[in-house]
Structures are given as C-alpha cells and as structure tokens.
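Chemist: My structure is stored as coords16.txt, with compact mmCIF, C-alpha atoms.
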```txt
# COMPACT_ATOMS: atom_id res chain seq x y z
CA MET A 366 114.64 125.28 -10.46
CA SER A 367 111.03 124.12 -10.51
CA ILE A 368 110.20 120.56 -9.45
CA PHE A 369 109.06 119.81 -13.02
CA LYS A 370 112.47 120.81 -14.42
CA LYS A 371 114.26 118.79 -11.75
CA ILE A 372 112.26 115.65 -12.56
CA LEU A 373 112.75 116.14 -16.28
CA THR A 374 116.49 116.55 -15.84
CA ALA A 375 116.61 113.48 -13.62
CA ILE A 376 114.64 111.39 -16.13
CA ARG A 377 116.78 112.48 -19.07
CA GLY A 378 120.00 112.03 -17.15
CA GLY A 379 118.88 108.72 -15.67
CA ALA A 380 117.85 107.23 -18.99
CA SER A 381 121.47 106.59 -19.92
CA GLU A 382 122.20 104.68 -16.74
CA ALA A 383 119.69 101.86 -16.71
CA GLY A 384 118.77 100.50 -13.32
CA GLU A 385 119.90 103.56 -11.46
CA ALA A 386 117.26 105.18 -9.29
CA ILE A 387 116.13 108.49 -10.73
CA ILE A 388 115.47 110.06 -7.38
CA ASP A 389 117.94 109.70 -4.58
CA ALA A 390 116.06 107.79 -1.87
CA ASN A 391 117.89 109.62 0.87
CA SER A 392 116.85 113.07 -0.28
CA THR A 393 113.27 111.83 -0.53
CA ARG A 394 113.44 110.76 3.11
CA ILE A 395 114.86 114.13 4.13
CA PHE A 396 112.06 115.84 2.24
CA GLU A 397 109.47 113.66 3.97
CA GLN A 398 111.01 114.56 7.35
CA GLU A 399 110.79 118.25 6.46
CA ILE A 400 107.12 117.84 5.68
CA ARG A 401 106.51 116.08 8.98
CA ASP A 402 108.37 118.86 10.84
CA ALA A 403 106.30 121.50 9.08
CA GLU A 404 103.13 119.62 10.03
CA ASN A 405 104.25 119.47 13.66
CA HIS A 406 104.86 123.22 13.66
CA LEU A 407 101.45 123.68 12.19
CA THR A 408 99.81 121.63 14.94
CA LYS A 409 101.66 123.66 17.57
CA ALA A 410 100.68 126.94 15.91
CA LYS A 411 97.03 125.86 15.93
CA ARG A 412 97.24 125.05 19.63
CA ASP A 413 98.84 128.44 20.29
CA LEU A 414 96.07 130.07 18.33
CA THR A 415 93.44 128.40 20.50
CA ASP A 416 95.18 129.67 23.64
CA VAL A 417 95.47 133.20 22.33
CA MET A 418 91.86 133.24 21.17
CA ALA A 419 90.73 132.11 24.63
CA LYS A 420 92.72 134.95 26.19
CA GLN A 421 91.32 137.38 23.63
CA MET A 422 87.78 136.40 24.61
CA ALA A 423 88.56 136.67 28.33
CA THR A 424 90.00 140.18 27.96
CA ALA A 425 87.05 141.19 25.77
CA ARG A 426 84.72 140.17 28.61
CA ASP A 427 86.83 142.08 31.15
CA VAL A 428 86.80 145.19 28.97
CA GLU A 429 82.99 145.00 28.74
CA ARG A 430 82.63 144.48 32.46
CA LEU A 431 84.95 147.38 33.31
CA LYS A 432 83.14 149.70 30.90
CA ARG A 433 79.86 148.81 32.57
CA GLU A 434 81.32 149.42 36.02
CA VAL A 435 82.74 152.81 34.96
CA ALA A 436 79.33 153.86 33.61
CA GLU A 437 77.65 152.63 36.77
CA HIS A 438 80.02 154.53 39.04
CA GLU A 439 79.71 157.64 36.93
CA GLY A 440 76.00 157.45 37.71
CA TYR A 441 76.71 157.11 41.44
CA ALA A 442 79.09 160.07 41.36
CA THR A 443 76.51 162.25 39.60
CA GLN A 444 73.89 161.27 42.17
CA ALA A 445 76.26 162.05 45.04
CA LEU A 446 76.96 165.46 43.51
CA GLU A 447 73.25 166.11 43.07
CA LYS A 448 72.76 165.40 46.73
CA GLY A 449 75.64 167.77 47.55
CA ASN A 450 77.79 165.02 48.99
CA GLU A 451 81.12 166.17 47.58
CA ALA A 452 83.20 163.81 49.74
CA LEU A 453 81.30 160.73 48.59
CA ALA A 454 81.48 161.93 45.00
CA LEU A 455 85.26 162.22 45.27
CA GLU A 456 85.52 158.75 46.69
CA VAL A 457 83.48 157.38 43.76
CA ALA A 458 85.63 159.39 41.36
CA GLU A 459 88.73 157.73 42.79
CA LYS A 460 87.14 154.37 42.22
CA ILE A 461 86.31 155.38 38.64
CA ALA A 462 89.93 156.42 38.08
CA ALA A 463 91.10 152.99 39.32
CA LEU A 464 88.56 151.24 37.07
CA GLU A 465 89.64 153.30 34.08
CA PHE A 466 93.26 152.44 34.74
CA GLU A 467 92.40 148.76 34.78
CA LEU A 468 90.22 149.19 31.68
CA ALA A 469 93.11 150.75 29.74
CA ASP A 470 95.30 147.84 30.83
CA GLN A 471 92.80 145.21 29.69
CA GLN A 472 92.13 147.09 26.47
CA THR A 473 95.85 147.05 25.64
CA ALA A 474 96.06 143.33 26.41
CA HIS A 475 92.97 142.67 24.28
CA ASP A 476 94.41 144.63 21.35
CA GLN A 477 97.64 142.70 21.59
CA PHE A 478 95.84 139.34 21.64
CA SER A 479 93.73 140.38 18.67
CA ALA A 480 96.85 141.28 16.72
CA SER A 481 98.39 137.92 17.67
CA VAL A 482 95.30 136.08 16.46
CA VAL A 483 95.51 137.78 13.08
CA ARG A 484 99.23 137.07 12.85
CA LEU A 485 98.88 133.39 13.87
CA LYS A 486 95.99 132.81 11.47
CA ASP A 487 98.10 134.26 8.67
CA LEU A 488 101.04 132.11 9.65
CA ILE A 489 98.90 128.97 9.77
CA LYS A 490 97.37 129.67 6.38
CA LYS A 491 100.81 130.21 4.88
CA SER A 492 102.22 127.05 6.49
CA GLU A 493 99.25 125.00 5.38
CA ARG A 494 99.73 126.15 1.81
CA GLN A 495 103.39 125.32 2.02
CA VAL A 496 102.77 121.83 3.42
CA THR A 497 100.25 121.16 0.63
CA GLU A 498 102.78 122.33 -1.94
CA TYR A 499 105.55 120.18 -0.41
CA LYS A 500 103.24 117.18 -0.45
CA ARG A 501 102.38 117.77 -4.10
CA GLN A 502 106.08 117.95 -4.96
CA LEU A 503 106.84 114.83 -2.95
CA SER A 504 103.98 113.02 -4.69
CA MET A 505 105.50 113.95 -8.06
CA VAL A 506 108.91 112.71 -7.03
CA LYS A 507 107.51 109.48 -5.63
CA THR A 508 105.29 108.86 -8.65
CA THR A 509 108.24 109.35 -10.98
CA ASP A 510 110.19 106.90 -8.90
CA SER A 511 107.32 104.43 -8.74
CA VAL A 512 106.69 104.53 -12.50
CA GLN A 513 110.38 103.95 -13.15
CA LYS A 514 110.47 100.97 -10.80
CA ALA A 515 107.21 99.62 -12.20
CA THR A 516 108.60 99.92 -15.72
CA ALA A 517 111.68 98.01 -14.63
CA ALA A 518 109.48 95.28 -13.11
CA ILE A 519 107.34 95.06 -16.26
CA THR A 520 110.37 94.96 -18.54
CA ASP A 521 112.02 92.27 -16.38
CA ASN A 522 108.82 90.26 -16.39
CA PHE A 523 108.61 90.34 -20.16
CA VAL A 524 112.25 89.49 -20.62
CA SER A 525 112.15 86.57 -18.17
CA GLY A 526 108.81 85.38 -19.53
CA ASN A 527 110.49 85.21 -22.93
CA SER A 528 107.58 87.05 -24.50
CA LYS A 529 107.93 90.46 -26.03
CA LEU A 530 105.49 93.31 -26.19
CA LEU A 531 104.01 93.17 -29.67
CA ASN A 532 104.18 95.90 -32.22
CA ALA A 533 101.14 98.16 -31.73
CA LYS A 534 99.62 97.50 -35.14
CA GLU A 535 100.04 93.73 -34.74
CA SER A 536 98.32 93.89 -31.37
CA LEU A 537 95.44 95.85 -32.82
CA GLU A 538 95.04 93.43 -35.74
CA ARG A 539 94.97 90.45 -33.41
CA ILE A 540 92.43 92.04 -31.09
CA LYS A 541 90.26 93.04 -34.02
CA ALA A 542 90.46 89.51 -35.42
CA LYS A 543 89.40 88.11 -32.07
CA GLN A 544 86.56 90.59 -31.88
CA GLN A 545 85.50 89.68 -35.42
CA ASN A 546 85.60 86.02 -34.55
CA PHE A 547 83.52 86.67 -31.46
CA ASP A 548 81.02 88.74 -33.47
CA ASP A 549 80.79 86.04 -36.14
CA ARG A 550 80.10 83.40 -33.55
CA MET A 551 77.50 85.62 -31.91
CA GLN A 552 75.84 86.13 -35.27
CA ALA A 553 75.92 82.44 -36.04
CA SER A 554 74.42 81.56 -32.71
CA GLU A 555 71.74 84.21 -33.17
CA ALA A 556 70.88 82.81 -36.58
CA LEU A 557 70.74 79.33 -35.12
CA GLN A 558 68.55 80.53 -32.30
CA ALA A 559 66.22 82.18 -34.79
CA GLU A 560 65.94 79.06 -36.91
CA SER A 561 65.19 76.80 -34.02
CA GLY A 562 62.72 79.45 -32.85
CA ASP A 563 60.91 79.27 -36.23
CA ALA A 564 60.92 75.51 -36.14
CA SER A 565 59.39 75.33 -32.71
CA LEU A 566 56.71 77.86 -33.67
CA GLU A 567 55.76 75.76 -36.67
CA ALA A 568 55.48 72.69 -34.47
CA LYS A 569 53.21 74.54 -32.06
CA LEU A 570 51.01 75.77 -34.88
CA LYS A 571 50.75 72.27 -36.22
CA ASP A 572 49.77 70.90 -32.83
CA ALA A 573 47.04 73.53 -32.64
CA GLY A 574 45.75 72.44 -36.08
CA ILE A 575 46.70 75.75 -37.68
CA GLY A 576 48.52 76.10 -40.97
CA SER A 577 49.32 73.43 -43.53
CA GLN A 578 48.28 69.99 -42.28
CA GLN A 579 49.66 66.72 -43.40
CA SER A 580 46.86 64.79 -45.08
CA ASP A 581 46.13 61.40 -43.61
CA ALA A 582 44.20 58.39 -44.92
CA SER A 583 40.99 59.03 -42.97
CA ALA A 584 40.78 62.57 -44.29
CA VAL A 585 41.21 61.29 -47.83
CA LEU A 586 38.51 58.65 -47.35
CA ALA A 587 36.08 61.21 -45.92
CA ARG A 588 36.67 63.41 -48.91
CA LEU A 589 36.02 60.57 -51.33
CA LYS A 590 32.77 59.56 -49.59
CA LYS A 591 31.40 63.06 -50.04
CA LYS A 592 31.61 62.70 -53.80
CA MET B 671 94.09 100.08 -1.17
CA ASN B 672 96.78 98.07 -2.91
CA ILE B 673 97.09 96.02 -6.07
CA HIS B 674 95.91 92.91 -4.24
CA THR B 675 92.60 94.40 -3.20
CA ILE B 676 92.11 95.56 -6.79
CA ALA B 677 92.97 92.10 -8.13
CA GLN B 678 90.59 90.50 -5.64
CA TYR B 679 87.77 92.78 -6.71
CA LEU B 680 88.32 92.24 -10.43
CA ASN B 681 88.61 88.48 -10.05
CA ASP B 682 85.47 88.27 -7.90
CA LEU B 683 83.61 90.36 -10.43
CA GLY B 684 83.26 87.48 -12.90
CA ASP B 685 79.92 87.71 -14.62
CA LYS B 686 78.68 90.41 -12.29
CA SER B 687 80.60 93.14 -14.09
CA ASN B 688 78.39 95.93 -15.36
CA SER B 689 80.37 96.12 -18.55
CA GLY B 690 80.09 92.52 -19.65
CA TYR B 691 83.88 92.24 -19.86
CA ASN B 692 85.98 89.86 -17.86
CA PHE B 693 89.33 90.80 -16.38
CA ASP B 694 92.38 88.73 -15.75
CA CYS B 695 94.84 89.93 -13.13
CA GLN B 696 98.41 88.91 -12.61
CA PRO B 697 100.68 90.54 -10.05
CA ILE B 698 104.22 91.30 -11.15
CA SER B 699 106.75 91.42 -8.38
CA GLY B 700 109.51 93.96 -8.29
CA GLU B 701 110.64 96.92 -6.22
CA VAL B 702 107.15 98.32 -6.77
CA ASP B 703 104.12 96.03 -6.92
CA VAL B 704 102.49 96.10 -10.32
CA LEU B 705 99.26 94.43 -11.34
CA GLN B 706 98.97 93.33 -14.93
CA VAL B 707 95.30 93.52 -15.90
CA THR B 708 94.02 92.20 -19.19
CA VAL B 709 90.55 92.62 -20.55
CA GLU B 710 89.24 89.40 -22.06
CA GLY B 711 89.94 89.34 -25.80
CA ARG B 712 92.50 92.12 -25.55
CA GLU B 713 95.41 90.22 -24.07
CA GLU B 714 97.83 92.00 -26.42
CA LEU B 715 97.25 95.32 -24.69
CA PRO B 716 97.66 94.73 -20.97
CA ILE B 717 97.09 97.50 -18.45
CA PHE B 718 99.64 97.92 -15.69
CA VAL B 719 98.30 99.17 -12.38
CA SER B 720 100.44 100.50 -9.56
CA VAL B 721 99.44 102.20 -6.33
CA THR B 722 101.38 105.06 -4.72
CA ASP B 723 100.69 107.04 -1.53
CA ASP B 724 98.02 109.18 -3.10
CA GLN B 725 97.09 107.75 -6.46
CA VAL B 726 96.31 104.68 -8.49
CA LEU B 727 98.11 104.69 -11.83
CA CYS B 728 96.87 102.66 -14.79
CA ILE B 729 99.20 102.53 -17.79
CA THR B 730 98.92 100.88 -21.19
CA TYR B 731 101.89 100.78 -23.54
CA LEU B 732 101.04 101.87 -27.05
CA TRP B 733 104.11 101.78 -29.26
CA GLY B 734 107.83 102.35 -29.15
CA GLU B 735 109.73 105.23 -30.66
CA ASP B 736 111.12 102.69 -33.14
CA GLU B 737 107.62 101.97 -34.50
CA VAL B 738 107.05 105.56 -35.59
CA ILE B 739 107.50 106.15 -39.34
CA GLU B 740 110.44 108.45 -39.96
CA GLY B 741 109.38 111.96 -40.85
CA LYS B 742 105.92 111.58 -39.30
CA ARG B 743 106.92 111.95 -35.68
CA SER B 744 106.04 115.62 -35.20
CA GLN B 745 102.74 115.18 -37.01
CA MET B 746 101.95 112.26 -34.72
CA LEU B 747 102.88 114.20 -31.58
CA GLU B 748 100.69 117.09 -32.71
CA SER B 749 97.74 114.73 -33.24
CA MET B 750 98.29 113.16 -29.84
CA LEU B 751 98.26 116.55 -28.15
CA GLU B 752 95.08 117.48 -29.96
CA MET B 753 93.40 114.24 -28.97
CA ASN B 754 94.49 114.43 -25.35
CA ILE B 755 91.51 116.39 -24.01
CA PRO B 756 88.76 114.73 -26.09
CA MET B 757 90.00 111.30 -24.97
CA PRO B 758 87.92 110.46 -21.89
CA LEU B 759 89.71 109.88 -18.57
CA SER B 760 93.06 108.99 -20.13
CA SER B 761 96.06 111.02 -21.19
CA PHE B 762 99.11 110.41 -23.33
CA ALA B 763 102.55 110.11 -21.87
CA LYS B 764 105.95 108.69 -22.61
CA VAL B 765 107.82 106.27 -20.40
CA GLU B 766 111.39 105.79 -21.50
CA GLU B 767 111.17 104.96 -25.24
CA LYS B 768 107.51 104.01 -25.22
CA TYR B 769 104.37 106.04 -25.76
CA VAL B 770 101.61 105.21 -23.31
CA VAL B 771 98.07 106.13 -22.36
CA PHE B 772 97.41 106.35 -18.68
CA GLY B 773 94.80 107.28 -16.15
CA ALA B 774 95.47 108.42 -12.59
CA LEU B 775 92.85 108.04 -9.89
CA SER B 776 92.71 109.24 -6.32
CA ILE B 777 93.62 106.60 -3.77
CA ASN B 778 90.11 107.12 -2.36
CA SER B 779 88.39 105.99 -5.54
CA SER B 780 85.84 103.22 -5.35
CA MET B 781 86.46 99.84 -6.92
CA SER B 782 83.79 100.46 -9.51
CA ASP B 783 85.59 103.72 -10.43
CA ILE B 784 88.72 101.69 -11.01
CA GLU B 785 86.84 99.11 -13.06
CA HIS B 786 85.38 101.90 -15.19
CA GLU B 787 88.78 103.52 -15.60
CA LEU B 788 90.36 100.25 -16.76
CA LEU B 789 87.68 99.66 -19.37
CA VAL B 790 87.78 103.20 -20.72
CA LEU B 791 91.58 103.02 -20.83
CA SER B 792 91.40 99.78 -22.78
CA GLU B 793 88.92 101.25 -25.26
CA ASN B 794 91.03 104.39 -25.60
CA ALA B 795 94.19 102.39 -26.28
CA LEU B 796 92.49 100.46 -29.09
CA ASP B 797 91.01 103.60 -30.63
CA VAL B 798 94.28 105.47 -30.40
CA ILE B 799 96.30 102.75 -32.16
CA ASP B 800 93.62 102.54 -34.82
CA ASP B 801 93.55 106.30 -35.36
CA MET B 802 97.32 106.71 -35.22
CA SER B 803 98.26 103.75 -37.37
CA GLU B 804 99.00 106.05 -40.31
CA PHE B 805 102.07 107.22 -38.37
CA LEU B 806 103.22 103.74 -37.42
CA LYS B 807 105.28 101.10 -39.16
```
Can I see the file as structure tokens?

Modeler:
Amino acid sequence: MSIFKKILTAIRGGASEAGEAIIDANSTRIFEQEIRDAENHLTKAKRDLTDVMAKQMATARDVERLKREVAEHEGYATQALEKGNEALALEVAEKIAALEFELADQQTAHDQFSASVVRLKDLIKKSERQVTEYKRQLSMVKTTDSVQKATAAITDNFVSGNSKLLNAKESLERIKAKQQNFDDRMQASEALQAESGDASLEAKLKDAGIGSQQSDASAVLARLKKK
Amino acid sequence: MNIHTIAQYLNDLGDKSNSGYNFDCQPISGEVDVLQVTVEGREELPIFVSVTDDQVLCITYLWGEDEVIEGKRSQMLESMLEMNIPMPLSSFAKVEEKYVVFGALSINSSMSDIEHELLVLSENALDVIDDMSEFLK
C-alpha cells in the first residue's frame, strides 16, 4: 500500500475517534531509526568506496610501472641478443617472465577493484535514493500528525476562548465593510487635505498680491482723487 | 526556525513592512506549537502557522462542509480544482470537516518569503470566498 493510501486510511479511520493520534508515535520512531540506520550504512559504504578507489589507483600505478619495466627489459634482451650474448639475454628473459607474472597479478587486482568501485557506487546511489524516499514518507507522516495536532490546538483555543469561527460569508462581509470604512476615511482625509491645500495656496497668492484683493480705504480714496 | 522567531519578525516589522500591512501574532499552545497570525483589518480570517522538521505550513480556514449549499458541492469542488493552479502560492485542502487554503514553505525560507506567503494567502482566502460564495449558505 502506498504511503498516500495509508495516510488517507488513517485520516478517514481516525476522524471517528476524536483526539486519537492518527499516526502511531511508536511506529514513527521505528521508521526514524530505520532511516538513521540506512544513513549510517551509507556513510560506511562511502568510506569503503574511498578505500577501494585508493587501492584501484595504487594498482593502476603498479600496472603502468610493470608495463614500462617489461618494455625496458625487452629492449635489454634484444640488445643482448644483438651482441650475441645468449646467456645474458636468457637472464633478462627470466626477469621479464617474473615481471609479467607480477603484472598479471596486479592487473587482476586492479580489475577487481574497478568492479568493486562500480558496484559500490551503484549501491550508494540506490541507498541514497531510498533514504530520500524514506525521508519524504516520514515527512508526510509527520506533517499529517502535526496538522492534526495543530487543528486540535486551534479548535481547543476557539472553544475555550468562547469565540467561534465565523461563517465564511459573514467573515468576508465584515472584512469588506472594514475595508470600505478604511477607504472612505482615506478618501475623506484626501479631500480634506486637498481643501486645506487649496486654502493655503490662496493665502500665499494673496500675500504675493496676486488674484482678487480685498479693497481697502486708501485704495478707494486714491481712486476717487483720480477723478 | 520556529513559530517564535516568525512572531518576533512579524511583530518587529511594524511600519517597515514592504506591503503596508500590519500583522498581529498570537501563539496557541498545544501538542504542536501554532502561531495565529492576523492581517490588520482581516481578523475574521486568521492564518495558522506551524513548523515541522522540513516545512513551514500556513493554513487559513475557509468554510465548513455544513456551509456548502446542498446540491452544489460537486460543482464547488470542480471549481476549486480548476482554480488551484492559477491561485498563486496557495492550494486548497480539507482538514477534517473544513475546507482550507494553505501554503507550504521550505524550512530554509527567508522571513521575507514567509511574510510574502502570509499576505498572498490572506488575499487568496478573501478572493476565494468571494468567488465561491455562490456555492455557500
């Protein structure tokens, strides 16, 4: 059964028994322990891989060295033969045989290490995928559990606080009304701002002697004298 | 990260919030710590925040099964499914007998990510109730 199905079954089954934990805490702990074990194995496998890779590199170097030595000695043997020194050539040939024996040995070891590296890398990749998958499943289980507990806490809080969650439409209406009220006040304050802005501009214009001026007595007298 | 660090951040935000909204936070104690977050002016639709090992969950309750008009349930569910992807950052869900919108964030999210999430969730909740009110009593 998939983890989704399990959770769904647990939720549906648990709904009838209020207050009962959906997920058995003990099995969650066992699952967590399994994940930790898998992670430990993974760490060990990675260490093993490092060891094997080191050995693989060492044997690769040995194989190279031995191949070089064989080639070198083959050259010596040919030279000895060219000089007619059959005895020396034989001696070199024996050496070459010994080197080739060792080379075959190292080559076998190297091949085995290489195969191990491939196998370990595969194993690690597989284990890593599995640990990730386990963790995802555990997260789902824990989240389900957490949401259930959180819901219980929220419900308790509302019951003890003697307030109830409002009907959705009522809530929306109230929020909209508050928003409307806020908007109205904003608009009113903007209008007020604008008016006082106009008023202050008029005052400034008047101070600067621009626009309609209040007539005063001296101005009237001056006008009359001109007549 | 826990609900207290989130509450601290939101309370300290005050007028410095990028959004211009103020938050009010109230922890609810229980087996799991829950933070009740309300956006100023929207106290009727609180957001409940809880933190698990790998995620931060923000949930707003929309309406109960009992508020759905009889005979319109499947039409409502269909509409909710259709709206699920277009609705930014939030998704629909059902907790016990209540429909909810929720957002889940990585535990490594920044505080401003969480602030953004809460605001979008609040907007979504309002829009959803508005749009779905034809199915509700």

Chemist: Check every residue of chain A for an atom within 10 Å of chain B, counting all atoms listed in the file, and provide those that qualify as a ChimeraX atom specification.

Modeler: /A:376-377,379-380,500-501,504,507-519,521-522,530-544,547

Chemist: Figure out the distance between CA of Ala462 in chain A and CA of Leu446 in chain A, please, to one decimal in Å.

Modeler: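 CA of Ala462 in chain A lies at a distance of 16.7 Å from CA of Leu446 in chain A.
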
Chemist: Can you tell me how far CA of Glu434 in chain A sits from CA of Ile461 in chain A, in Å to one decimal?

Modeler: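 Taking CA of Glu434 in chain A and CA of Ile461 in chain A, their separation equals 8.2 Å.
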
Chemist: As a compact mmCIF listing (two decimals) with C-alpha atoms, in the frame of the given file, please: the residues near Phe762 in chain B (cut-off 12 Å, all atoms listed in the file, same-chain neighbours under 3 positions excluded).

Modeler:
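Saved to result-v7.txt:
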```txt
# COMPACT_ATOMS: atom_id res chain seq x y z
CA CYS B 728 96.87 102.66 -14.79
CA ILE B 729 99.20 102.53 -17.79
CA THR B 730 98.92 100.88 -21.19
CA TYR B 731 101.89 100.78 -23.54
CA LEU B 732 101.04 101.87 -27.05
CA TRP B 733 104.11 101.78 -29.26
CA MET B 746 101.95 112.26 -34.72
CA LEU B 747 102.88 114.20 -31.58
CA GLU B 748 100.69 117.09 -32.71
CA SER B 749 97.74 114.73 -33.24
CA MET B 750 98.29 113.16 -29.84
CA LEU B 751 98.26 116.55 -28.15
CA GLU B 752 95.08 117.48 -29.96
CA MET B 753 93.40 114.24 -28.97
CA ASN B 754 94.49 114.43 -25.35
CA ILE B 755 91.51 116.39 -24.01
CA PRO B 756 88.76 114.73 -26.09
CA MET B 757 90.00 111.30 -24.97
CA PRO B 758 87.92 110.46 -21.89
CA LEU B 759 89.71 109.88 -18.57
CA VAL B 765 107.82 106.27 -20.40
CA LYS B 768 107.51 104.01 -25.22
CA TYR B 769 104.37 106.04 -25.76
CA VAL B 770 101.61 105.21 -23.31
CA VAL B 771 98.07 106.13 -22.36
CA PHE B 772 97.41 106.35 -18.68
CA GLY B 773 94.80 107.28 -16.15
CA ALA B 774 95.47 108.42 -12.59
CA LEU B 791 91.58 103.02 -20.83
CA ASN B 794 91.03 104.39 -25.60
CA ALA B 795 94.19 102.39 -26.28
CA VAL B 798 94.28 105.47 -30.40
```

Chemist: Could you state the separation of CA of Asp549 in chain A and CA of Gly562 in chain A in Å, given to one decimal place?

Modeler: 19.5 Å

Chemist: Counting all atoms listed in the file, which of A:Gln477, A:Gln495, A:Asn450, A:Gln444 gets nearest to Leu407 in chain A?

Modeler: A:Gln495

Chemist: Would you please work out which residue, of A:Asp572, A:Glu429, A:Tyr499, A:Met551, is nearest to Glu399 in chain A when using all atoms listed in the file?

Modeler: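 The closest residue to Glu399 in chain A is A:Tyr499.
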